[in-house]
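K.L.:
To be precise about what I am sending: the file is called query35.txt and holds compact mmCIF, C-alpha atoms.
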```txt
# COMPACT_ATOMS: atom_id res chain seq x y z
CA MET I 601 17.02 20.61 -5.92
CA THR I 602 14.70 18.10 -7.63
CA SER I 603 13.32 15.38 -5.38
CA THR I 604 13.23 11.73 -6.45
CA CYS I 605 10.87 8.93 -5.51
CA LEU I 606 10.31 5.28 -6.35
CA ILE I 607 6.73 4.02 -6.38
CA THR I 608 5.81 0.34 -6.66
CA GLY I 609 2.55 -0.88 -8.13
CA ALA I 610 2.65 2.12 -10.47
CA SER I 611 0.98 0.54 -13.50
CA SER I 612 -2.59 1.13 -12.27
CA GLY I 613 -4.78 2.42 -9.46
CA ILE I 614 -3.33 4.42 -6.59
CA GLY I 615 0.26 3.81 -7.69
CA ARG I 616 -0.28 5.14 -11.19
CA GLN I 617 -2.14 8.19 -9.91
CA LEU I 618 0.59 8.88 -7.35
CA ALA I 619 3.29 8.62 -10.03
CA GLN I 620 1.47 11.18 -12.15
CA HIS I 621 0.80 13.41 -9.16
CA TYR I 622 4.42 13.45 -7.98
CA ALA I 623 5.70 14.04 -11.53
CA ALA I 624 3.25 16.91 -11.98
CA ASN I 625 4.70 18.46 -8.83
CA GLY I 626 8.24 18.41 -10.19
CA TRP I 627 9.54 15.11 -8.81
CA ILE I 628 11.57 12.54 -10.72
CA VAL I 629 9.54 9.35 -10.42
CA TYR I 630 10.81 5.79 -10.85
CA ALA I 631 7.61 3.88 -11.56
CA ALA I 632 7.95 0.18 -10.75
CA ALA I 633 5.52 -2.56 -11.76
CA ARG I 634 5.37 -5.85 -13.63
CA SER I 635 3.47 -4.56 -16.67
CA LYS I 636 6.03 -3.06 -19.06
CA ASP I 637 3.39 -1.90 -21.57
CA LYS I 638 1.48 0.06 -18.94
CA LEU I 639 4.70 1.55 -17.57
CA ASP I 640 5.85 2.60 -21.04
CA ASP I 641 2.54 4.40 -21.49
CA LEU I 642 2.92 6.04 -18.06
CA ALA I 643 6.49 7.07 -18.85
CA LYS I 644 5.22 9.26 -21.69
CA SER I 645 4.57 11.81 -18.95
CA ALA I 646 7.51 14.09 -18.18
CA GLY I 647 9.52 13.12 -15.12
CA ILE I 648 8.45 9.46 -15.00
CA ILE I 649 10.98 6.66 -15.61
CA ALA I 650 9.62 3.16 -16.23
CA LEU I 651 11.10 0.46 -14.01
CA PRO I 652 9.73 -2.94 -15.06
CA LEU I 653 10.01 -5.22 -12.03
CA ASP I 654 8.40 -8.37 -10.69
CA LEU I 655 8.16 -7.63 -6.99
CA THR I 656 7.71 -11.29 -6.13
CA ASP I 657 11.22 -11.92 -7.50
CA THR I 658 13.61 -11.04 -4.67
CA ALA I 659 16.70 -11.43 -6.88
CA ALA I 660 15.21 -9.01 -9.40
CA ILE I 661 14.54 -6.43 -6.66
CA GLN I 662 18.14 -6.73 -5.45
CA ASP I 663 19.50 -6.43 -9.00
CA THR I 664 17.35 -3.36 -9.73
CA ALA I 665 18.43 -1.68 -6.48
CA THR I 666 22.09 -2.38 -7.28
CA ARG I 667 21.74 -0.88 -10.75
CA LEU I 668 20.10 2.25 -9.38
CA GLN I 669 22.76 2.59 -6.71
CA GLN I 670 25.53 2.21 -9.27
CA ALA I 671 23.85 4.90 -11.37
CA GLY I 672 24.05 7.27 -8.39
CA VAL I 673 20.29 7.43 -7.77
CA VAL I 674 19.32 8.93 -4.42
CA LEU I 675 15.72 8.50 -3.30
CA ASP I 676 13.95 11.04 -1.13
CA LEU I 677 10.84 8.85 -0.97
CA LEU I 678 10.35 5.09 -1.29
CA LEU I 679 6.61 4.46 -1.60
CA LEU I 680 5.68 0.78 -1.46
CA ASN I 681 2.18 0.56 -2.84
CA ALA I 682 1.92 -2.66 -4.86
CA GLY I 683 -0.76 -5.04 -3.68
CA THR I 684 -3.42 -7.52 -4.63
CA CYS I 685 -6.64 -8.95 -3.20
CA GLU I 686 -8.03 -12.47 -3.41
CA TYR I 687 -11.10 -13.65 -1.53
CA VAL I 688 -11.22 -17.18 -0.14
CA GLU I 689 -13.78 -19.70 1.11
CA ALA I 690 -13.36 -20.69 4.76
CA THR I 691 -14.68 -24.21 4.15
CA ASN I 692 -12.01 -24.88 1.53
CA LEU I 693 -9.09 -22.52 2.10
CA ASP I 694 -7.10 -21.93 -1.07
CA LEU I 695 -3.48 -22.16 0.08
CA ALA I 696 -2.20 -20.88 -3.27
CA ALA I 697 -4.31 -17.74 -2.86
CA PHE I 698 -2.72 -17.11 0.54
CA GLU I 699 0.75 -17.60 -0.96
CA ARG I 700 0.07 -15.22 -3.85
CA THR I 701 -1.48 -12.59 -1.59
CA PHE I 702 1.30 -12.65 0.99
CA ALA I 703 3.97 -12.76 -1.72
CA ILE I 704 3.00 -9.36 -3.11
CA ASN I 705 1.29 -7.72 -0.12
CA PHE I 706 3.88 -8.60 2.51
CA GLN I 707 7.02 -10.44 1.37
CA ALA I 708 7.56 -8.00 -1.51
CA VAL I 709 7.26 -5.07 0.90
CA VAL I 710 9.92 -6.54 3.15
CA ALA I 711 12.25 -7.33 0.24
CA ALA I 712 11.77 -3.89 -1.35
CA THR I 713 12.45 -2.24 2.00
CA LYS I 714 15.64 -4.24 2.45
CA PHE I 715 17.13 -3.56 -0.98
CA PHE I 716 15.83 -0.07 -1.83
CA MET I 717 16.22 1.52 1.61
CA PRO I 718 19.99 2.11 1.15
CA LEU I 719 19.07 4.50 -1.69
CA LEU I 720 17.39 6.73 0.90
CA LYS I 721 20.41 7.21 3.12
CA ALA I 722 21.99 10.07 1.16
CA SER I 723 18.76 12.09 1.15
CA LEU I 724 18.43 15.09 3.45
CA SER I 725 14.88 14.09 4.42
CA PRO I 726 14.34 10.42 3.51
CA GLN I 727 10.84 8.96 3.72
CA LEU I 728 9.70 5.34 3.56
CA ALA I 729 5.95 5.06 2.97
CA ILE I 730 4.10 1.74 3.03
CA VAL I 731 0.53 1.26 1.85
CA SER I 732 -1.60 -1.10 3.93
CA SER I 733 -5.40 -0.98 4.34
CA MET I 734 -8.16 -0.49 6.87
CA ALA I 735 -9.34 -4.01 6.00
CA HIS I 736 -7.52 -5.50 8.99
CA PHE I 737 -9.50 -3.33 11.44
CA PHE I 738 -12.57 -5.58 11.20
CA PRO I 739 -13.19 -9.28 10.34
CA PHE I 740 -14.74 -8.94 6.89
CA THR I 741 -16.16 -12.00 5.18
CA ARG I 742 -13.86 -14.00 2.85
CA ALA I 743 -10.98 -11.58 3.57
CA GLU I 744 -8.83 -14.02 5.54
CA ALA I 745 -5.89 -13.79 3.12
CA TYR I 746 -6.13 -10.10 2.26
CA GLY I 747 -6.87 -8.82 5.77
CA ALA I 748 -4.16 -10.96 7.36
CA SER I 749 -1.57 -9.74 4.83
CA LYS I 750 -2.47 -6.12 5.51
CA ALA I 751 -2.33 -6.66 9.27
CA ALA I 752 1.18 -8.00 8.77
CA VAL I 753 2.15 -4.98 6.66
CA SER I 754 0.86 -2.50 9.23
CA TYR I 755 2.67 -4.22 12.08
CA PHE I 756 5.85 -4.36 9.99
CA ALA I 757 5.68 -0.61 9.30
CA ASP I 758 4.97 0.30 12.93
CA SER I 759 7.80 -1.88 14.23
CA LEU I 760 10.14 -0.59 11.53
CA ARG I 761 9.43 3.00 12.61
CA VAL I 762 10.64 2.16 16.11
CA ASP I 763 13.86 0.56 14.93
CA LEU I 764 14.63 3.29 12.36
CA ALA I 765 13.92 6.17 14.75
CA ASP I 766 17.61 7.09 15.02
CA SER I 767 18.45 6.50 11.34
CA GLY I 768 16.99 9.70 9.95
CA ILE I 769 14.53 7.74 7.79
CA SER I 770 10.92 8.52 8.63
CA VAL I 771 8.41 5.68 8.23
CA HIS I 772 4.86 6.44 7.13
CA LEU I 773 1.95 3.97 7.20
CA ILE I 774 -0.88 4.56 4.72
CA GLU I 775 -4.15 2.78 5.53
CA PRO I 776 -6.86 3.78 3.04
CA GLY I 777 -10.42 2.57 2.95
CA PHE I 778 -12.14 1.78 -0.33
CA VAL I 779 -10.57 3.60 -3.29
CA ASP I 780 -12.03 3.44 -6.79
CA THR I 781 -9.38 1.43 -8.67
CA PRO I 782 -9.38 -1.54 -11.07
CA LEU I 783 -8.82 -3.78 -8.03
CA THR I 784 -11.87 -2.60 -6.07
CA GLN I 785 -14.01 -2.44 -9.22
CA LYS I 786 -13.99 -6.25 -9.12
CA ASN I 787 -15.79 -6.26 -5.76
CA ASP I 788 -19.41 -7.43 -5.84
CA PHE I 789 -20.45 -5.78 -2.58
CA ALA I 790 -21.23 -2.26 -1.39
CA MET I 791 -18.14 -0.19 -0.56
CA PRO I 792 -19.02 2.59 1.90
CA PHE I 793 -17.40 6.01 1.49
CA LEU I 794 -15.68 5.04 -1.79
CA VAL I 795 -12.91 7.55 -2.59
CA PRO I 796 -12.01 8.56 -6.19
CA VAL I 797 -8.42 7.55 -6.97
CA GLU I 798 -7.45 11.14 -7.82
CA GLN I 799 -8.59 12.29 -4.38
CA ALA I 800 -6.74 9.41 -2.71
CA ALA I 801 -3.46 10.34 -4.41
CA GLU I 802 -3.86 13.98 -3.44
CA ARG I 803 -4.53 13.07 0.20
CA ILE I 804 -1.50 10.79 0.35
CA TYR I 805 0.72 13.39 -1.30
CA ARG I 806 -0.33 16.18 1.07
CA ALA I 807 -0.06 13.97 4.15
CA LEU I 808 3.46 12.81 3.25
CA GLN I 809 4.51 16.37 2.51
CA ALA I 810 3.24 17.27 5.98
CA GLY I 811 5.20 14.38 7.51
CA GLN I 812 2.21 12.45 8.91
CA SER I 813 3.28 9.09 10.33
CA ARG I 814 -0.09 7.36 9.89
CA ILE I 815 -2.39 8.29 7.04
CA ARG I 816 -5.98 7.04 7.14
CA PHE I 817 -8.88 8.06 4.93
CA PRO I 818 -11.76 8.52 4.52
CA ARG I 819 -12.23 9.72 8.07
CA ARG I 820 -15.85 8.54 8.30
CA LEU I 821 -14.86 4.93 7.61
CA SER I 822 -11.89 5.13 9.95
CA VAL I 823 -14.06 6.41 12.80
CA THR I 824 -16.74 3.80 12.11
CA LEU I 825 -14.26 0.92 12.20
CA LYS I 826 -12.59 2.32 15.33
CA LEU I 827 -15.96 2.41 17.10
CA LEU I 828 -16.69 -1.15 16.02
CA SER I 829 -13.33 -2.25 17.42
CA LEU I 830 -14.39 -0.93 20.85
CA LEU I 831 -17.34 -3.32 21.03
CA PRO I 832 -17.04 -6.42 23.22
CA TYR I 833 -15.31 -9.15 21.24
CA ASN I 834 -18.30 -11.51 21.01
CA LEU I 835 -20.65 -8.68 19.99
CA ARG I 836 -18.23 -7.56 17.28
CA SER I 837 -18.07 -11.11 15.92
CA LYS I 838 -21.87 -11.37 15.84
CA MET I 839 -22.08 -8.05 14.00
CA ALA I 840 -19.56 -9.28 11.42
CA GLN I 841 -21.67 -12.41 10.93
CA ARG I 842 -24.83 -10.33 10.40
CA MET I 843 -23.00 -8.16 7.85
CA LYS I 844 -21.99 -11.32 5.99
CA GLN I 845 -25.63 -12.36 5.63
CA GLN I 846 -26.77 -9.04 4.15
```
Please go through the file and, once you have read it, give me the structure as structure tokens.

P.N.:
Amino acid sequence: MTSTCLITGASSGIGRQLAQHYAANGWIVYAAARSKDKLDDLAKSAGIIALPLDLTDTAAIQDTATRLQQAGVVLDLLLLNAGTCEYVEATNLDLAAFERTFAINFQAVVAATKFFMPLLKASLSPQLAIVSSMAHFFPFTRAEAYGASKAAVSYFADSLRVDLADSGISVHLIEPGFVDTPLTQKNDFAMPFLVPVEQAAERIYRALQAGQSRIRFPRRLSVTLKLLSLLPYNLRSKMAQRMKQQ
């Protein structure tokens, strides 16, 4: 039996690569994103169905989920990957940047979970996978909006796993480090242990196939940030300040 997944943020970066990877492995892929042109190009690949959708529009998410449900679509995997990053200045916090960042990184995840999750219930092995980031492990400079949104996403996924434990739906939290995508290519700072997007998609695919609940990579960055988190709080803050000045 052919498996079916829905992937958000599929027009570029990790989402696009995952859509291609799942389709290449025989899945039917509903690729959701705001950019219709990029989705139409992606949908030229066999097994990929374009699903133009503004994830900041809750009514549009609900309408799309209803249409899929009425069409008899059953999802085996709902992979919520869409995200954005905006850096802010602490001395003049851009409230609009916080609103935009949380709208796509957090609120859209909650809304997509609410309206698309019913499509998982008829699957024999339903999976809900949510992409967060390692960014919230450490207080990086100018990352107040991005890091806070990803901390919220990770907590949401972990709490959701507890409450869905008896539902049959497994919840998987994906926390990558730096991945070479159009989003990270805008960064003007060094990104340690940068992972090619093709490798990131392969790691996520294999880990979800294996049923891993928490997926973190690259391991070297994960271990480094874990060790930093063990430092006394004041020392960790001073280290973050020194990193900012470099």

K.L.:
Have a look at I:Met734, I:Cys605, I:Leu618, I:Leu835 and name the one nearest to Arg803 in chain I; count only C-alpha atoms.

P.N.:
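Looking at the shortest contact to Arg803 in chain I, the residue is I:Leu618.
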
K.L.:
For range 712-728 of chain I, list every protein, DNA or RNA residue within 10 Å, evaluated using only C-alpha atoms, and leave out those in the same chain fewer than 3 positions away; present the list as a PyMOL selection string.

P.N.:
chain I and resi 603-606+608+655-656+658-659+661-666+668-669+672-680+706-709+757+760-761+767-773+808-809+811

K.L.:
Would you work out the distance separating CA of Phe789 in chain I from CA of Gly613 in chain I, expressed in Å to one decimal?

P.N.:
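Calculated distance between CA of Phe789 in chain I and CA of Gly613 in chain I is 19.0 Å.
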
K.L.:
Can you pull out the residues contacting Ser829 in chain I? Cut-off 10 Å, using all atoms listed in the file, and skip same-chain residues under 5 positions away; I want them as a PDB file with C-alpha atoms, in the coordinates of the input.

P.N.:
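Full text of part10.pdb as output:
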```pdb
ATOM      1  CA  PHE I 737      -9.500  -3.330  11.440  1.00  0.00           C
ATOM      2  CA  PHE I 738     -12.570  -5.580  11.200  1.00  0.00           C
ATOM      3  CA  PRO I 739     -13.190  -9.280  10.340  1.00  0.00           C
ATOM      4  CA  VAL I 823     -14.060   6.410  12.800  1.00  0.00           C
ATOM      5  CA  THR I 824     -16.740   3.800  12.110  1.00  0.00           C
ATOM      6  CA  ARG I 836     -18.230  -7.560  17.280  1.00  0.00           C
TER       7      ARG I 836
END
```

K.L.:
Which is closest to Asp780 in chain I among I:Asp640, I:Met601, I:Gln617, I:Ile730, if we use all atoms listed in the file?

P.N.:
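Among the listed residues, I:Gln617 lies closest to Asp780 in chain I.
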
K.L.:
Set the distance at 8 Å and use all atoms listed in the file: which residues neighbour Gly777 in chain I once local chain neighbours fewer than 6 positions away are removed? I'd like the list as a list in words.

P.N.:
Ser733, Met734, Ala735, Phe793, Leu794, Val795, Arg816, Phe817, Pro818, Leu821 and Ser822 of chain I
